[in-house]
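Worksheet: the structure to be examined is printed underneath.
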Amino acid sequence: MQYLCPRCGRSFRVKPPEGTCPQCNAALVSESESHDGERESREGQPLPPRRRL
């Protein structure tokens, strides 16, 4: 499982012992949790216009 920093975007294969990003000190989230959050934020936004062929 990978862990992602929501603030600076770094990814880690192993969660640091502190549970936070060593660069910016933000709490890390697992990759699956970050995808769920992206999906929720997209649901409230209108769909982009479709291109005509």
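Letters A, B, ... mark the chains of the structure tokens in the order given; residue numbers begin at 1 per chain; ligand numbers begin at 1, in order shown.
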List the neighbours of Leu28 in chain A out to 8 Å using only C-alpha atoms; skip same-chain residues closer than 5 positions along the sequence, and give me the result as a JSON list (two decimals) with N, CA, C and O atoms, in the first residue's frame.
```
[["chain", "number", "residue", "atom", "x", "y", "z"],
["A", 3, "TYR", "N", 1.30, 5.47, 0.61],
["A", 3, "TYR", "CA", 0.77, 6.58, 1.39],
["A", 3, "TYR", "C", 1.11, 7.87, 0.66],
["A", 3, "TYR", "O", 2.20, 8.03, 0.13],
["A", 4, "LEU", "N", 0.15, 8.79, 0.62],
["A", 4, "LEU", "CA", 0.33, 10.04, -0.10],
["A", 4, "LEU", "C", 0.21, 11.22, 0.85],
["A", 4, "LEU", "O", -0.59, 11.20, 1.79],
["A", 5, "CYS", "N", 0.98, 12.26, 0.56],
["A", 5, "CYS", "CA", 0.86, 13.50, 1.31],
["A", 5, "CYS", "C", -0.10, 14.41, 0.55],
["A", 5, "CYS", "O", 0.16, 14.75, -0.60],
["A", 6, "PRO", "N", -1.22, 14.79, 1.16],
["A", 6, "PRO", "CA", -2.18, 15.64, 0.46],
["A", 6, "PRO", "C", -1.68, 17.06, 0.24],
["A", 6, "PRO", "O", -2.17, 17.76, -0.64],
["A", 15, "LYS", "N", 4.89, 3.80, 5.45],
["A", 15, "LYS", "CA", 4.49, 4.96, 6.23],
["A", 15, "LYS", "C", 5.60, 5.32, 7.21],
["A", 15, "LYS", "O", 6.08, 4.46, 7.95],
["A", 19, "GLY", "N", 4.05, 9.08, 11.01],
["A", 19, "GLY", "CA", 2.75, 9.12, 10.35],
["A", 19, "GLY", "C", 2.50, 10.41, 9.61],
["A", 19, "GLY", "O", 1.40, 10.67, 9.14],
["A", 20, "THR", "N", 3.53, 11.24, 9.50],
["A", 20, "THR", "CA", 3.41, 12.52, 8.80],
["A", 20, "THR", "C", 4.50, 12.62, 7.75],
["A", 20, "THR", "O", 5.51, 11.92, 7.80],
["A", 21, "CYS", "N", 4.31, 13.53, 6.81],
["A", 21, "CYS", "CA", 5.29, 13.75, 5.75],
["A", 21, "CYS", "C", 6.54, 14.39, 6.34],
["A", 21, "CYS", "O", 6.44, 15.39, 7.04]]
```
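Omitting Gln23 in chain A and its sequence neighbours fewer than 5 positions away, and counting only C-alpha atoms, the residues within 10 Å are Cys5, Arg7, Cys8 and Arg10 of chain A.
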Query raised in the report: Do you know which residues are at most 8 Å from Gln2 in chain A counting only C-alpha atoms, after dropping those on the same chain fewer than 3 positions away, and could you put them as a list of chain:residue names?
Result: A:Ser11, A:Phe12, A:Arg13, A:Val14, A:Lys15, A:Ser30, A:Glu31
